[in-house]
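Have a look at data.txt below; it lists compact mmCIF, N, CA and C atoms.
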```
# COMPACT_ATOMS: atom_id res chain seq x y z
N MET A 69 128.48 108.86 152.05
CA MET A 69 129.10 108.60 153.33
C MET A 69 129.97 109.81 153.71
N LEU A 70 129.73 110.37 154.87
CA LEU A 70 130.48 111.53 155.34
C LEU A 70 131.71 111.08 156.10
N ARG A 71 132.77 111.82 155.88
CA ARG A 71 134.02 111.52 156.57
C ARG A 71 134.27 112.62 157.59
N CYS A 72 134.68 112.24 158.77
CA CYS A 72 134.95 113.21 159.83
C CYS A 72 136.32 113.85 159.57
N VAL A 73 136.33 115.17 159.46
CA VAL A 73 137.56 115.91 159.20
C VAL A 73 137.98 116.61 160.48
N SER A 74 139.23 116.43 160.86
CA SER A 74 139.74 117.10 162.05
C SER A 74 139.89 118.59 161.77
N ASP A 75 139.51 119.40 162.72
CA ASP A 75 139.61 120.85 162.58
C ASP A 75 140.96 121.40 163.05
N PHE A 76 141.84 120.51 163.53
CA PHE A 76 143.12 120.97 164.06
C PHE A 76 143.93 121.80 163.06
N PRO A 77 144.14 121.34 161.82
CA PRO A 77 144.96 122.15 160.90
C PRO A 77 144.37 123.53 160.65
N MET A 78 143.06 123.64 160.59
CA MET A 78 142.44 124.93 160.36
C MET A 78 142.68 125.87 161.54
N TYR A 79 142.42 125.40 162.75
CA TYR A 79 142.59 126.26 163.92
C TYR A 79 144.06 126.56 164.18
N ALA A 80 144.92 125.58 163.96
CA ALA A 80 146.35 125.81 164.17
C ALA A 80 146.89 126.81 163.16
N SER A 81 146.42 126.74 161.92
CA SER A 81 146.85 127.70 160.90
C SER A 81 146.41 129.11 161.28
N MET A 82 145.18 129.26 161.69
CA MET A 82 144.69 130.58 162.09
C MET A 82 145.45 131.10 163.31
N PHE A 83 145.79 130.20 164.23
CA PHE A 83 146.57 130.59 165.40
C PHE A 83 147.95 131.10 164.98
N LEU A 84 148.61 130.39 164.07
CA LEU A 84 149.95 130.79 163.64
C LEU A 84 149.92 132.13 162.91
N ILE A 85 148.91 132.34 162.08
CA ILE A 85 148.81 133.61 161.36
C ILE A 85 148.56 134.75 162.36
N GLY A 86 147.67 134.53 163.31
CA GLY A 86 147.41 135.55 164.33
C GLY A 86 148.61 135.78 165.23
N ALA A 87 149.32 134.72 165.57
CA ALA A 87 150.50 134.86 166.42
C ALA A 87 151.60 135.64 165.70
N ALA A 88 151.77 135.41 164.40
CA ALA A 88 152.77 136.16 163.64
C ALA A 88 152.42 137.64 163.63
N LEU A 89 151.15 137.96 163.43
CA LEU A 89 150.72 139.37 163.44
C LEU A 89 150.93 139.99 164.82
N ALA A 90 150.59 139.25 165.86
CA ALA A 90 150.75 139.78 167.22
C ALA A 90 152.22 139.96 167.57
N CYS A 91 153.05 139.02 167.19
CA CYS A 91 154.49 139.14 167.46
C CYS A 91 155.08 140.34 166.72
N ALA A 92 154.67 140.53 165.47
CA ALA A 92 155.18 141.68 164.72
C ALA A 92 154.75 142.99 165.38
N GLY A 93 153.51 143.05 165.83
CA GLY A 93 153.05 144.24 166.53
C GLY A 93 153.79 144.46 167.83
N GLY A 94 154.03 143.39 168.56
CA GLY A 94 154.75 143.50 169.83
C GLY A 94 156.19 143.93 169.63
N VAL A 95 156.86 143.35 168.66
CA VAL A 95 158.24 143.75 168.39
C VAL A 95 158.28 145.20 167.92
N GLY A 96 157.32 145.58 167.09
CA GLY A 96 157.26 146.96 166.61
C GLY A 96 157.09 147.96 167.73
N LEU A 97 156.36 147.59 168.78
CA LEU A 97 156.18 148.50 169.91
C LEU A 97 157.48 148.77 170.65
N PHE A 98 158.37 147.79 170.69
CA PHE A 98 159.61 147.94 171.46
C PHE A 98 160.79 148.41 170.63
N LEU A 99 160.61 148.54 169.32
CA LEU A 99 161.69 149.05 168.48
C LEU A 99 161.80 150.56 168.63
N PRO A 100 162.98 151.10 168.37
CA PRO A 100 163.12 152.57 168.36
C PRO A 100 162.21 153.16 167.28
N SER A 101 161.83 154.40 167.46
CA SER A 101 160.82 155.01 166.59
C SER A 101 161.21 155.02 165.12
N GLY A 102 162.45 155.06 164.78
CA GLY A 102 162.86 155.07 163.39
C GLY A 102 162.85 153.71 162.72
N HIS A 103 162.63 152.65 163.47
CA HIS A 103 162.72 151.29 162.93
C HIS A 103 161.40 150.52 162.98
N ARG A 104 160.33 151.14 163.42
CA ARG A 104 159.09 150.40 163.67
C ARG A 104 158.42 149.87 162.41
N ALA A 105 158.48 150.59 161.35
CA ALA A 105 157.80 150.18 160.12
C ALA A 105 158.45 148.97 159.45
N VAL A 106 159.65 148.63 159.86
CA VAL A 106 160.37 147.53 159.23
C VAL A 106 159.72 146.18 159.53
N VAL A 107 158.92 146.10 160.58
CA VAL A 107 158.26 144.82 160.87
C VAL A 107 157.30 144.42 159.76
N VAL A 108 156.84 145.38 158.98
CA VAL A 108 155.96 145.07 157.85
C VAL A 108 156.70 144.22 156.83
N LEU A 109 158.00 144.43 156.68
CA LEU A 109 158.77 143.61 155.75
C LEU A 109 158.82 142.15 156.20
N ALA A 110 158.92 141.92 157.49
CA ALA A 110 158.88 140.54 157.99
C ALA A 110 157.52 139.91 157.71
N LEU A 111 156.45 140.68 157.88
CA LEU A 111 155.11 140.16 157.58
C LEU A 111 154.95 139.88 156.09
N LEU A 112 155.47 140.75 155.25
CA LEU A 112 155.39 140.52 153.81
C LEU A 112 156.17 139.27 153.40
N ALA A 113 157.33 139.08 154.00
CA ALA A 113 158.12 137.89 153.69
C ALA A 113 157.37 136.63 154.11
N GLY A 114 156.76 136.65 155.29
CA GLY A 114 155.99 135.49 155.76
C GLY A 114 154.79 135.21 154.89
N ALA A 115 154.09 136.26 154.47
CA ALA A 115 152.94 136.06 153.58
C ALA A 115 153.39 135.52 152.23
N GLY A 116 154.51 136.00 151.74
CA GLY A 116 155.03 135.50 150.47
C GLY A 116 155.41 134.03 150.53
N VAL A 117 156.05 133.63 151.61
CA VAL A 117 156.42 132.23 151.77
C VAL A 117 155.16 131.37 151.90
N GLY A 118 154.17 131.85 152.64
CA GLY A 118 152.92 131.10 152.77
C GLY A 118 152.20 130.92 151.44
N LEU A 119 152.13 131.99 150.66
CA LEU A 119 151.49 131.89 149.34
C LEU A 119 152.27 131.00 148.40
N ALA A 120 153.59 131.07 148.46
CA ALA A 120 154.41 130.18 147.62
C ALA A 120 154.20 128.72 148.02
N GLY A 121 154.06 128.47 149.31
CA GLY A 121 153.78 127.11 149.76
C GLY A 121 152.43 126.61 149.26
N LEU A 122 151.44 127.48 149.28
CA LEU A 122 150.13 127.10 148.73
C LEU A 122 150.23 126.80 147.24
N ALA A 123 150.99 127.61 146.52
CA ALA A 123 151.15 127.38 145.09
C ALA A 123 151.87 126.07 144.81
N LEU A 124 152.91 125.79 145.59
CA LEU A 124 153.65 124.55 145.38
C LEU A 124 152.82 123.32 145.75
N GLY A 125 151.98 123.45 146.75
CA GLY A 125 151.18 122.31 147.20
C GLY A 125 149.83 122.20 146.53
N SER A 126 149.53 123.09 145.60
CA SER A 126 148.19 123.10 145.01
C SER A 126 147.87 121.82 144.23
N SER A 127 148.87 121.13 143.74
CA SER A 127 148.59 119.90 143.01
C SER A 127 148.07 118.80 143.92
N SER A 128 148.39 118.88 145.22
CA SER A 128 147.94 117.83 146.13
C SER A 128 146.47 117.98 146.51
N PHE A 129 145.90 119.16 146.35
CA PHE A 129 144.48 119.32 146.66
C PHE A 129 143.65 119.66 145.42
N ALA A 130 144.19 119.37 144.25
CA ALA A 130 143.48 119.66 143.01
C ALA A 130 142.22 118.80 142.84
N ASN A 131 142.16 117.68 143.52
CA ASN A 131 140.98 116.81 143.40
C ASN A 131 139.84 117.25 144.31
N GLY A 132 140.01 118.33 145.04
CA GLY A 132 138.93 118.85 145.89
C GLY A 132 138.87 118.25 147.28
N ASP A 133 139.91 117.57 147.70
CA ASP A 133 139.94 116.95 149.03
C ASP A 133 140.18 118.01 150.10
N PRO A 134 139.21 118.25 151.01
CA PRO A 134 139.40 119.29 152.03
C PRO A 134 140.51 118.97 153.01
N VAL A 135 140.76 117.69 153.27
CA VAL A 135 141.84 117.32 154.19
C VAL A 135 143.19 117.72 153.61
N ALA A 136 143.37 117.47 152.32
CA ALA A 136 144.63 117.84 151.67
C ALA A 136 144.80 119.35 151.64
N TRP A 137 143.71 120.08 151.39
CA TRP A 137 143.77 121.55 151.39
C TRP A 137 144.25 122.08 152.72
N TRP A 138 143.64 121.61 153.81
CA TRP A 138 144.02 122.13 155.12
C TRP A 138 145.41 121.68 155.54
N ARG A 139 145.85 120.52 155.08
CA ARG A 139 147.21 120.07 155.39
C ARG A 139 148.23 120.99 154.69
N VAL A 140 148.00 121.30 153.42
CA VAL A 140 148.89 122.21 152.70
C VAL A 140 148.84 123.61 153.31
N PHE A 141 147.66 124.07 153.67
CA PHE A 141 147.52 125.38 154.30
C PHE A 141 148.26 125.43 155.63
N PHE A 142 148.18 124.37 156.41
CA PHE A 142 148.86 124.30 157.71
C PHE A 142 150.37 124.33 157.54
N VAL A 143 150.89 123.53 156.62
CA VAL A 143 152.34 123.51 156.39
C VAL A 143 152.80 124.88 155.87
N SER A 144 152.02 125.49 155.01
CA SER A 144 152.37 126.82 154.50
C SER A 144 152.34 127.88 155.60
N SER A 145 151.40 127.76 156.53
CA SER A 145 151.34 128.73 157.62
C SER A 145 152.49 128.51 158.61
N ILE A 146 152.94 127.28 158.78
CA ILE A 146 154.13 127.03 159.61
C ILE A 146 155.34 127.71 158.97
N ALA A 147 155.51 127.52 157.66
CA ALA A 147 156.64 128.14 156.97
C ALA A 147 156.55 129.66 157.02
N GLY A 148 155.36 130.21 156.85
CA GLY A 148 155.19 131.66 156.93
C GLY A 148 155.49 132.19 158.32
N PHE A 149 155.03 131.48 159.36
CA PHE A 149 155.30 131.91 160.73
C PHE A 149 156.80 131.89 161.02
N ALA A 150 157.48 130.83 160.58
CA ALA A 150 158.92 130.73 160.80
C ALA A 150 159.65 131.87 160.08
N THR A 151 159.18 132.23 158.90
CA THR A 151 159.79 133.34 158.16
C THR A 151 159.59 134.66 158.89
N VAL A 152 158.39 134.89 159.40
CA VAL A 152 158.13 136.12 160.15
C VAL A 152 159.00 136.16 161.40
N ALA A 153 159.09 135.04 162.11
CA ALA A 153 159.91 135.00 163.33
C ALA A 153 161.38 135.29 163.01
N ALA A 154 161.90 134.69 161.95
CA ALA A 154 163.29 134.95 161.56
C ALA A 154 163.47 136.41 161.15
N GLY A 155 162.52 136.94 160.43
CA GLY A 155 162.60 138.35 160.02
C GLY A 155 162.56 139.29 161.21
N LEU A 156 161.74 138.97 162.20
CA LEU A 156 161.67 139.82 163.39
C LEU A 156 162.97 139.76 164.20
N ILE A 157 163.61 138.60 164.22
CA ILE A 157 164.90 138.49 164.91
C ILE A 157 165.93 139.38 164.22
N VAL A 158 165.94 139.35 162.89
CA VAL A 158 166.87 140.19 162.14
C VAL A 158 166.58 141.66 162.38
N VAL A 159 165.31 142.03 162.34
CA VAL A 159 164.92 143.43 162.58
C VAL A 159 165.34 143.87 163.97
N TRP A 160 165.11 143.04 164.96
CA TRP A 160 165.45 143.39 166.34
C TRP A 160 166.96 143.59 166.49
N ARG A 161 167.74 142.68 165.92
CA ARG A 161 169.20 142.79 166.05
C ARG A 161 169.75 143.98 165.30
N ARG A 162 169.19 144.30 164.14
CA ARG A 162 169.69 145.44 163.37
C ARG A 162 169.31 146.76 164.02
N ALA A 163 168.26 146.79 164.82
CA ALA A 163 167.82 148.03 165.44
C ALA A 163 168.58 148.34 166.73
N GLN A 164 169.34 147.39 167.24
CA GLN A 164 170.09 147.62 168.47
C GLN A 164 171.26 148.58 168.21
N PRO A 165 171.54 149.45 169.16
CA PRO A 165 172.64 150.40 168.95
C PRO A 165 173.98 149.69 168.85
N ARG A 166 174.80 150.16 167.95
CA ARG A 166 176.13 149.58 167.75
C ARG A 166 177.13 150.31 168.64
N PRO A 167 178.06 149.58 169.24
CA PRO A 167 179.08 150.26 170.05
C PRO A 167 180.03 151.05 169.14
N VAL A 168 180.38 152.22 169.56
CA VAL A 168 181.29 153.07 168.81
C VAL A 168 182.72 152.63 169.12
N PRO A 169 183.51 152.31 168.08
CA PRO A 169 184.91 151.85 168.34
C PRO A 169 185.82 152.97 168.79
```
So, in terms of structure tokens, how does the structure I just supplied come out?
Amino acid sequence: MLRCVSDFPMYASMFLIGAALACAGGVGLFLPSGHRAVVVLALLAGAGVGLAGLALGSSSFANGDPVAWWRVFFVSSIAGFATVAAGLIVVWRRAQPRPVP
């Protein structure tokens, strides 16, 4: 008996990963030339959080259930996207010129 699996978590995860990459590229374009490479650190942090989420959730899909796999992948991609967004906010604020006292 086949079970119908919703494709939403898969497509939403791919969207979040692509959106994080696009946001990092966009922020990098508007940063001053000496600060552009720092967006890679935000991407690395997001990828690390996503992989850690997959590792933590791996016990829930150990039985081979594709629904559980995509649910864990989706939650991990949400956490990774949030980490990239927070990292980009920090990068943007640190790159702004400081007023001279």
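Put simply, atom C of Asn131 (chain A) is 27.9 Å away from atom C of Ala113 (chain A).
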Open item on the list: Between CA of Ser127 (chain A) and CA of Ser145 (chain A), what distance in Å does the model show, to one decimal?
Closed with: 17.3 Å
Open item on the list: Could you list, as a list of chain:residue names, every residue within 12 Å of region 93-110 of chain A, counting only C-alpha atoms and ignoring same-chain residues fewer than 3 positions away?
Closed with: A:Gly86, A:Ala87, A:Ala88, A:Leu89, A:Ala90, A:Ala113, A:Gly114, A:Ala115, A:Gly116, A:Val117, A:Gly148, A:Phe149, A:Ala150, A:Thr151, A:Val152, A:Ala153, A:Ala154, A:Gly155, A:Leu156, A:Ile157, A:Val158, A:Val159, A:Trp160, A:Arg161, A:Arg162, A:Ala163, A:Gln164, A:Pro165
Task: Between CA of Phe142 (chain A) and CA of Phe83 (chain A), distance in Å (one decimal) - done: 10.2 Å
Task: DSSP helix (DSSP H, G or I) selection over chain A, as a count of residues only - done: 79
Task: Nearest residue to Val143 (chain A) from the set A:Ser126, A:Asp75, A:Leu112, A:Gly118 (distances using only N, CA and C atoms) - done: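 Counting only N, CA and C atoms, the residue closest to Val143 (chain A) is A:Gly118.
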Open item on the list: Can you pull out the residues contacting Tyr79 (chain A)? Cut-off 10 Å, using only C-alpha atoms, and skip same-chain residues under 5 positions away; I want them as a list of chain:residue names.
Closed with: A:Ser74, A:Leu84, A:Ile85, A:Trp138, A:Phe142
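Taking only C-alpha atoms, the non-local environment of Leu122 (chain A) within 8 Å (same-chain residues fewer than 5 positions away omitted) comprises Val140, Phe141 and Ser144 of chain A.
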